[in-house]
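Colleague: What follows is the file query-v9.txt, containing compact mmCIF, C-alpha atoms:
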```txt
# COMPACT_ATOMS: atom_id res chain seq x y z
CA MET A 1 13.44 -7.80 -14.56
CA ASN A 2 10.81 -6.29 -16.80
CA PRO A 3 9.41 -3.05 -15.28
CA ARG A 4 5.85 -4.08 -16.15
CA VAL A 5 6.20 -7.25 -14.11
CA LEU A 6 7.65 -5.26 -11.22
CA GLU A 7 4.75 -2.81 -11.38
CA VAL A 8 2.18 -5.60 -11.29
CA LEU A 9 3.94 -7.30 -8.37
CA ALA A 10 4.21 -4.00 -6.50
CA ALA A 11 0.52 -3.29 -7.10
CA LEU A 12 -0.50 -6.73 -5.85
CA GLY A 13 1.70 -6.41 -2.79
CA CYS A 14 0.28 -2.98 -2.00
CA LEU A 15 -3.27 -4.25 -2.46
CA ILE A 16 -2.62 -7.11 -0.05
CA LEU A 17 -1.13 -4.65 2.44
CA PHE A 18 -4.18 -2.38 2.06
CA ILE A 19 -6.63 -5.21 2.68
CA ALA A 20 -4.64 -6.37 5.71
CA LEU A 21 -4.61 -2.85 7.12
CA LEU A 22 -8.35 -2.48 6.52
CA VAL A 23 -8.98 -5.63 8.50
CA LEU A 24 -6.43 -5.21 11.30
CA LEU A 25 -6.31 -1.49 12.06
CA PRO A 26 -9.97 -0.94 13.07
CA ALA A 27 -9.72 -3.87 15.48
CA GLN A 28 -6.63 -2.34 17.08
CA MET A 29 -7.97 1.22 17.21
CA VAL A 30 -11.23 0.72 19.09
CA GLY A 31 -13.18 3.97 19.15
CA LEU A 32 -11.15 5.46 16.30
CA GLU A 33 -12.30 3.27 13.43
CA GLY A 34 -12.70 6.23 11.07
CA LEU A 35 -9.10 7.27 11.67
CA ALA A 36 -7.96 3.68 11.13
CA TYR A 37 -9.48 3.66 7.64
CA VAL A 38 -7.81 6.95 6.80
CA ILE A 39 -4.45 5.65 8.04
CA ALA A 40 -4.89 2.48 5.95
CA LEU A 41 -5.62 4.56 2.85
CA VAL A 42 -2.68 6.91 3.43
CA ALA A 43 -0.34 3.95 4.00
CA PHE A 44 -1.58 2.32 0.78
CA ILE A 45 -1.05 5.49 -1.26
CA ALA A 46 2.39 6.10 0.25
CA THR A 47 3.50 2.51 -0.34
CA LEU A 48 2.24 2.42 -3.92
CA SER A 49 3.83 5.79 -4.69
CA THR A 50 7.16 4.75 -3.20
CA ALA A 51 7.14 1.47 -5.13
CA GLY A 52 6.37 3.29 -8.38
CA TYR A 53 9.13 5.80 -7.74
CA MET A 54 11.67 3.08 -7.00
CA ILE A 55 10.72 1.07 -10.09
CA ASP A 56 10.91 4.18 -12.28
CA ARG A 57 14.26 5.10 -10.79
CA ALA A 58 15.63 1.58 -11.37
CA ALA A 59 14.40 1.56 -14.98
CA ALA A 60 16.09 4.86 -15.83
```
Please go through the file and, once you have read it, give me the structure as structure tokens.
Modeller:
Amino acid sequence: MNPRVLEVLAALGCLILFIALLVLLPAQMVGLEGLAYVIALVAFIATLSTAGYMIDRAAA
């Protein structure tokens, strides 16, 4: 599959994951909402970085 298409799909999937984490984590971590947002951001960055690495590795 075209790497550009894979990158767009990975970005959309990571964005959906980020939005879901932003909605669900603060509700689960009552009293630690600030930490929940940081965890959501770190998970988003880690997921997007891993997806980019895997796509780059597959394209090479």
Colleague: Enter the distance from atom CA of A:Ala10 to atom CA of A:Leu41, in Å, rounded to one decimal.
Modeller: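 About the pair atom CA of A:Ala10 and atom CA of A:Leu41: they are 16.0 Å apart.
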Colleague: Please provide as a ChimeraX atom specification all residues within 10 Å of A:Leu6, with the sequence filter that same-chain residues fewer than 4 positions apart are discarded (counting all atoms listed in the file).
Modeller: /A:1-2,10-12,51-52,55
Colleague: Report, in Å with one decimal, the straight-line distance from atom CA of A:Gln28 to atom CA of A:Leu9.
Modeller: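 One can read the atom CA of A:Gln28 to atom CA of A:Leu9 distance as 28.0 Å.
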Colleague: Rounded to one decimal place, report the atom CA of A:Leu24-atom CA of A:Ile45 distance in Å.
Modeller: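 A separation of 17.4 Å between them.
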Colleague: Ranking A:Leu25, A:Ala59, A:Ile16, A:Pro3 by minimum distance to A:Ala40 and counting only C-alpha atoms, which one comes first?
Modeller: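 With only C-alpha atoms as the atom set, the closest residue is A:Leu25.
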Colleague: Pick out the residues sitting within 12 Å of A:Pro26, and hand them over as a PyMOL selection string; count all atoms listed in the file, and ignore anything fewer than 6 positions along from it in its own chain.
Modeller: chain A and resi 19-20+32-40
Colleague: Closest to A:Asp56 among A:Met29, A:Phe44, A:Leu21, A:Glu7, using all atoms listed in the file?
Modeller: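 Closest to A:Asp56 of all the choices is A:Glu7.
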Colleague: Return the single residue from A:Ala60, A:Val30, A:Cys14, A:Leu22 that is closest to A:Thr47, with distances computed using all atoms listed in the file.
Modeller: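 When distances to A:Thr47 are compared using all atoms listed in the file, the smallest one comes from A:Cys14.
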Colleague: From the options A:Val23, A:Val5, A:Met54, A:Phe18, which residue's atoms come nearest to A:Val42, counting all atoms listed in the file?
Modeller: A:Phe18
